[in-house]
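Asker: Please see the structure below; I have some questions.
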Amino acid sequence: MAGKVKWVTDIEKSVLINNFEKRGWVQVTENEDWNFYWMSVQTIRNVFSVETGYRLSDDQIVNHFPNHYELTRKDLMVKNIKRYRKELEKEGSPLAEKDENGKYLYLDFVPVTYMLPADYNLFVEEFRKSPSSTWIMKPCGKAQGKGIFLINKLSQIKKWSRDSKTSSFVSQSNKEAYVISLYINNPLLIGGRKFDLRLYVLVSTYRPLRCYMYKLGFCRFCTVKYTPSTSELDNMFVHLTNVAIQKHGDDYNHIHGGKWTVSNLRLYLESTRGKEVTSKLFDEIHWIIVQSLKAVAPVMNNDKHCFECYGYDIIIDDKLKPWLIEVNASPSLTSSTANDRILKYNLINDTLNIAVPNGEIPDCKWNKSPPKEVLGNYEILYDEELAQGDGAERELRSRQGQSQGPRAGRSRDAGRAVLTTWK
């Protein structure tokens, strides 16, 4: 197609701008005609707002879905996953099977979570069943570890309550919404330290669902050795892996940034736990990511002008069970180390190669199914159209033969992984 892509961004990061300039794209302002706008979540709200929004033309694309918050707000993600479980249960799906204690065998991949203030009474009831447990409170709409704290006594959140006798909170309009989740107090430790995984997942369309996993994710380590001791509940250098927190610690290493590549983690686990259990762990991580996307697909506004690269945060416990902690709509593009800068530059490069085929002026009517040669470090995680032709029944039979829950059935096709279907 003739002409050069005109780009705008309100996120001044070199890993973005260098990628646009490398392609010979032309920078314009948001008030001019543009084809590609890499924008913040605040701006996307305005673009699709009923009052201030405007109609996008076929040659314009943006990097967020209009209601991405169905997945990326902590409370809405949990709400949608709970709804998804109930729907599968209603359909009689084997995936919604429960054990004798009423716990999901396969869909138990998010820690027990309640919304505050709405679910306060339900939370208190659950807390009293195991009063020695630790819980983590997070504001629904914040990132980078802001506003997070741990509690292990009801008295610690009484200040959130207006009246302890009725356990009623101040009205939602006056109080910021929080989620409170059962804290995973048995995380897998390496060198005595807690870590989580940051994985990048690109969604090009929700209906049909088509998503890609970036192979170059990383682990983020705490700077202080982990202890479940209640005396250290306030020490965020022990409990929160966010770089925004850890970089202020005395033991923060500015060379490696407290990060490890996913491939290093895989090698470490293969040598300490064995190849089979390591493969099973990564298959399960891929499986829960796909399930989380399936959970929000029905409510997501699948606008043809949109794609989105999410930052998934996963914690692995000491039994090698992965837990989905949260999903970020704007994963950080700030580089804390030289390796970080290279990784994020390549991440944006590969994302643009899929979202904007051949770097040409976009046509949002295209089928959003790029040839595998352009995927770079992405691999297909799930393609609903491909999966529907793969036979759900066979997948289910192989799944039921496993005692530890579902594994992602993979068919190798010229070096790319395609997750086969389950319904």
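Going by the structure tokens order, chains are called A, B, ..., each with residues numbered from 1, while ligands are numbered from 1 in the order shown.
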Could you write out, as a PyMOL selection string, all the residues of segment 11-49 of chain A that DSSP marks as alpha helix (DSSP H)?
Answerer: chain A and resi 14-22+41-47
Asker: List as an mmCIF file with C-alpha atoms, in the first residue's frame the protein and nucleic acid residues near segment 46-53 of chain A, meaning an atom at most 10 Å away when only C-alpha atoms are counted, but skip any in the same chain fewer than 4 places from it.
Answerer:
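Now in around-v3.cif:
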data_model
loop_
_atom_site.group_PDB
_atom_site.id
_atom_site.type_symbol
_atom_site.label_atom_id
_atom_site.label_comp_id
_atom_site.auth_asym_id
_atom_site.auth_seq_id
_atom_site.Cartn_x
_atom_site.Cartn_y
_atom_site.Cartn_z
ATOM 1 C CA MET A 39 -1.694 4.934 23.988
ATOM 2 C CA VAL A 41 -5.165 3.242 29.333
ATOM 3 C CA GLN A 42 -6.386 6.739 30.272
ATOM 4 C CA VAL A 62 -4.784 1.143 18.724
ATOM 5 C CA PHE A 65 -9.349 -3.129 23.645
ATOM 6 C CA PRO A 66 -12.019 -0.632 24.800
ATOM 7 C CA ASN A 67 -12.927 -2.556 27.978
#
Asker: For segment 341-345 of chain A, please output as a PDB file with N, CA, C and O atoms, in the first residue's frame all residues within 8 Å (counting only C-alpha atoms; exclusion window: fewer than 5 positions along the same chain).
Answerer:
ATOM      1  N   VAL A  15      11.972   2.477  23.637  1.00  0.00           N
ATOM      2  CA  VAL A  15      11.760   1.176  22.987  1.00  0.00           C
ATOM      3  C   VAL A  15      10.586   1.240  21.997  1.00  0.00           C
ATOM      4  O   VAL A  15      10.540   0.492  21.024  1.00  0.00           O
ATOM      5  N   LEU A  16       9.652   2.150  22.233  1.00  0.00           N
ATOM      6  CA  LEU A  16       8.550   2.365  21.295  1.00  0.00           C
ATOM      7  C   LEU A  16       9.019   3.207  20.103  1.00  0.00           C
ATOM      8  O   LEU A  16       8.916   2.804  18.946  1.00  0.00           O
ATOM      9  N   ASN A  19      11.388   1.805  17.583  1.00  0.00           N
ATOM     10  CA  ASN A  19      10.746   0.834  16.696  1.00  0.00           C
ATOM     11  C   ASN A  19       9.938   1.510  15.600  1.00  0.00           C
ATOM     12  O   ASN A  19       9.918   1.059  14.453  1.00  0.00           O
ATOM     13  N   LEU A 216      10.230 -14.867  25.667  1.00  0.00           N
ATOM     14  CA  LEU A 216      11.298 -14.271  26.477  1.00  0.00           C
ATOM     15  C   LEU A 216      10.771 -13.549  27.719  1.00  0.00           C
ATOM     16  O   LEU A 216      11.122 -12.404  27.967  1.00  0.00           O
ATOM     17  N   LEU A 333       7.369  -0.465  30.146  1.00  0.00           N
ATOM     18  CA  LEU A 333       8.339  -0.410  29.049  1.00  0.00           C
ATOM     19  C   LEU A 333       9.603   0.324  29.480  1.00  0.00           C
ATOM     20  O   LEU A 333      10.467   0.652  28.672  1.00  0.00           O
ATOM     21  N   THR A 334       9.693   0.596  30.780  1.00  0.00           N
ATOM     22  CA  THR A 334      10.909   1.196  31.338  1.00  0.00           C
ATOM     23  C   THR A 334      11.966   0.105  31.443  1.00  0.00           C
ATOM     24  O   THR A 334      11.674  -1.021  31.840  1.00  0.00           O
ATOM     25  N   SER A 335      13.193   0.433  31.086  1.00  0.00           N
ATOM     26  CA  SER A 335      14.268  -0.564  31.135  1.00  0.00           C
ATOM     27  C   SER A 335      15.107  -0.354  32.388  1.00  0.00           C
ATOM     28  O   SER A 335      15.664   0.718  32.594  1.00  0.00           O
ATOM     29  N   SER A 336      15.186  -1.411  33.209  1.00  0.00           N
ATOM     30  CA  SER A 336      15.989  -1.276  34.435  1.00  0.00           C
ATOM     31  C   SER A 336      17.422  -1.757  34.218  1.00  0.00           C
ATOM     32  O   SER A 336      18.307  -1.465  34.996  1.00  0.00           O
TER      33      SER A 336
END
Asker: Within 12 Å of Lys86 of chain A, counting only C-alpha atoms, which residues qualify if same-chain residues fewer than 6 places away don't, as a PyMOL selection string?
Answerer: chain A and resi 79-80+92-93+95-98+104+107+295
Asker: Those selected residues, please, written with all heavy atoms and delivered as a CSV table (one decimal), in the first residue's frame.
Answerer:
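Full text of part.csv as output:
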chain,number,residue,atom,x,y,z
A,79,LYS,N,-14.0,-11.6,39.1
A,79,LYS,CA,-15.5,-11.7,38.8
A,79,LYS,C,-15.8,-12.5,37.6
A,79,LYS,O,-16.6,-13.4,37.5
A,79,LYS,CB,-16.1,-10.3,38.8
A,79,LYS,CG,-17.6,-10.3,38.5
A,79,LYS,CD,-18.0,-8.8,38.4
A,79,LYS,CE,-19.1,-8.7,37.4
A,79,LYS,NZ,-19.4,-7.3,37.0
A,80,ASN,N,-15.0,-12.2,36.5
A,80,ASN,CA,-15.2,-12.9,35.2
A,80,ASN,C,-14.8,-14.4,35.3
A,80,ASN,O,-15.5,-15.2,34.7
A,80,ASN,CB,-14.5,-12.2,34.1
A,80,ASN,CG,-15.2,-10.9,33.7
A,80,ASN,OD1,-16.4,-10.9,33.4
A,80,ASN,ND2,-14.5,-9.8,33.6
A,92,GLY,N,-22.3,-28.6,32.6
A,92,GLY,CA,-21.8,-29.9,32.9
A,92,GLY,C,-20.5,-30.2,32.3
A,92,GLY,O,-20.1,-31.4,32.1
A,93,SER,N,-19.6,-29.2,32.1
A,93,SER,CA,-18.3,-29.4,31.6
A,93,SER,C,-17.4,-30.2,32.6
A,93,SER,O,-17.4,-29.8,33.8
A,93,SER,CB,-17.6,-28.1,31.2
A,93,SER,OG,-16.3,-28.3,31.0
A,95,LEU,N,-14.4,-29.8,33.0
A,95,LEU,CA,-13.4,-28.9,33.5
A,95,LEU,C,-13.9,-28.3,34.8
A,95,LEU,O,-13.0,-27.8,35.6
A,95,LEU,CB,-13.2,-27.7,32.5
A,95,LEU,CG,-12.4,-28.0,31.3
A,95,LEU,CD1,-12.1,-26.8,30.5
A,95,LEU,CD2,-11.0,-28.7,31.6
A,96,ALA,N,-15.2,-28.2,35.1
A,96,ALA,CA,-15.7,-27.6,36.3
A,96,ALA,C,-15.9,-28.6,37.4
A,96,ALA,O,-16.5,-28.4,38.4
A,96,ALA,CB,-17.1,-27.0,36.0
A,97,GLU,N,-15.3,-29.8,37.2
A,97,GLU,CA,-15.3,-30.9,38.3
A,97,GLU,C,-14.7,-30.4,39.6
A,97,GLU,O,-13.8,-29.6,39.6
A,97,GLU,CB,-14.5,-32.1,37.8
A,97,GLU,CG,-14.9,-33.4,38.4
A,97,GLU,CD,-14.0,-34.5,37.9
A,97,GLU,OE1,-13.7,-34.5,36.7
A,97,GLU,OE2,-13.7,-35.4,38.7
A,98,LYS,N,-15.4,-30.8,40.7
A,98,LYS,CA,-14.9,-30.4,42.0
A,98,LYS,C,-14.5,-31.6,42.8
A,98,LYS,O,-15.0,-32.8,42.6
A,98,LYS,CB,-16.0,-29.6,42.8
A,98,LYS,CG,-16.3,-28.3,42.2
A,98,LYS,CD,-17.4,-27.6,42.9
A,98,LYS,CE,-17.7,-26.2,42.4
A,98,LYS,NZ,-18.8,-25.6,43.1
A,104,TYR,N,-12.6,-26.7,43.0
A,104,TYR,CA,-12.4,-27.0,41.6
A,104,TYR,C,-11.1,-27.8,41.4
A,104,TYR,O,-10.0,-27.4,41.9
A,104,TYR,CB,-12.3,-25.7,40.7
A,104,TYR,CG,-13.7,-25.1,40.6
A,104,TYR,CD1,-14.0,-23.9,41.3
A,104,TYR,CD2,-14.6,-25.6,39.7
A,104,TYR,CE1,-15.3,-23.3,41.2
A,104,TYR,CE2,-15.9,-25.0,39.6
A,104,TYR,CZ,-16.2,-23.8,40.3
A,104,TYR,OH,-17.4,-23.3,40.2
A,107,LEU,N,-10.0,-25.7,37.7
A,107,LEU,CA,-10.1,-24.2,37.6
A,107,LEU,C,-9.8,-23.4,38.8
A,107,LEU,O,-10.1,-22.3,38.9
A,107,LEU,CB,-11.6,-23.9,37.1
A,107,LEU,CG,-12.0,-24.5,35.8
A,107,LEU,CD1,-13.5,-24.3,35.6
A,107,LEU,CD2,-11.2,-23.8,34.6
A,295,ALA,N,-12.4,-16.7,29.7
A,295,ALA,CA,-13.3,-16.2,30.7
A,295,ALA,C,-13.8,-14.8,30.4
A,295,ALA,O,-15.0,-14.4,30.6
A,295,ALA,CB,-12.7,-16.2,32.1
Asker: One decimal, in Å: what's the spacing between atom CA of Asp75 of chain A and atom CA of Asp283 of chain A?
Answerer: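 Taking atom CA of Asp75 of chain A as the start and atom CA of Asp283 of chain A as the end point, the length is 25.8 Å.
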Asker: Closest to Trp287 of chain A among A:Asp108, A:Glu32, A:Asp99, A:Glu87, using only C-alpha atoms?
Answerer: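 Comparing A:Asp108, A:Glu32, A:Asp99, A:Glu87 against Trp287 of chain A, the winner is A:Asp108.
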Asker: Within segment 75-136 of chain A, find each residue whose DSSP state, derived from the backbone, is strand (DSSP E), and express the selection as an MDAnalysis selection string.
Answerer: chainID A and resid 113:116 135:136
Asker: Near Ala297 of chain A, within 8 Å and counting only C-alpha atoms, which residues show up once chain neighbours fewer than 4 positions away are dropped, as a list in words?
Answerer: Tyr206, Arg207, Leu209 and Leu293 of chain A
Asker: For N, CA and C atoms, I'd like the residues from the last selection saved as a short mmCIF file (atom, residue, chain, number, x, y, z; two decimals), in the first residue's frame.
Answerer:
data_model
loop_
_atom_site.label_atom_id
_atom_site.label_comp_id
_atom_site.auth_asym_id
_atom_site.auth_seq_id
_atom_site.Cartn_x
_atom_site.Cartn_y
_atom_site.Cartn_z
N TYR A 206 -10.48 -11.41 20.10
CA TYR A 206 -11.12 -12.23 21.14
C TYR A 206 -12.19 -13.16 20.58
N ARG A 207 -12.78 -12.77 19.45
CA ARG A 207 -13.81 -13.62 18.85
C ARG A 207 -13.58 -13.66 17.34
N LEU A 209 -10.97 -16.22 19.46
CA LEU A 209 -9.81 -15.93 20.31
C LEU A 209 -8.53 -16.38 19.60
N LEU A 293 -8.35 -15.85 29.38
CA LEU A 293 -8.79 -15.12 28.19
C LEU A 293 -10.16 -15.61 27.73
#
Asker: Using only C-alpha atoms, find the one residue out of A:Glu284, A:Pro362, A:Leu182, A:Thr227 that sits nearest to Trp34 of chain A.
Answerer: A:Pro362
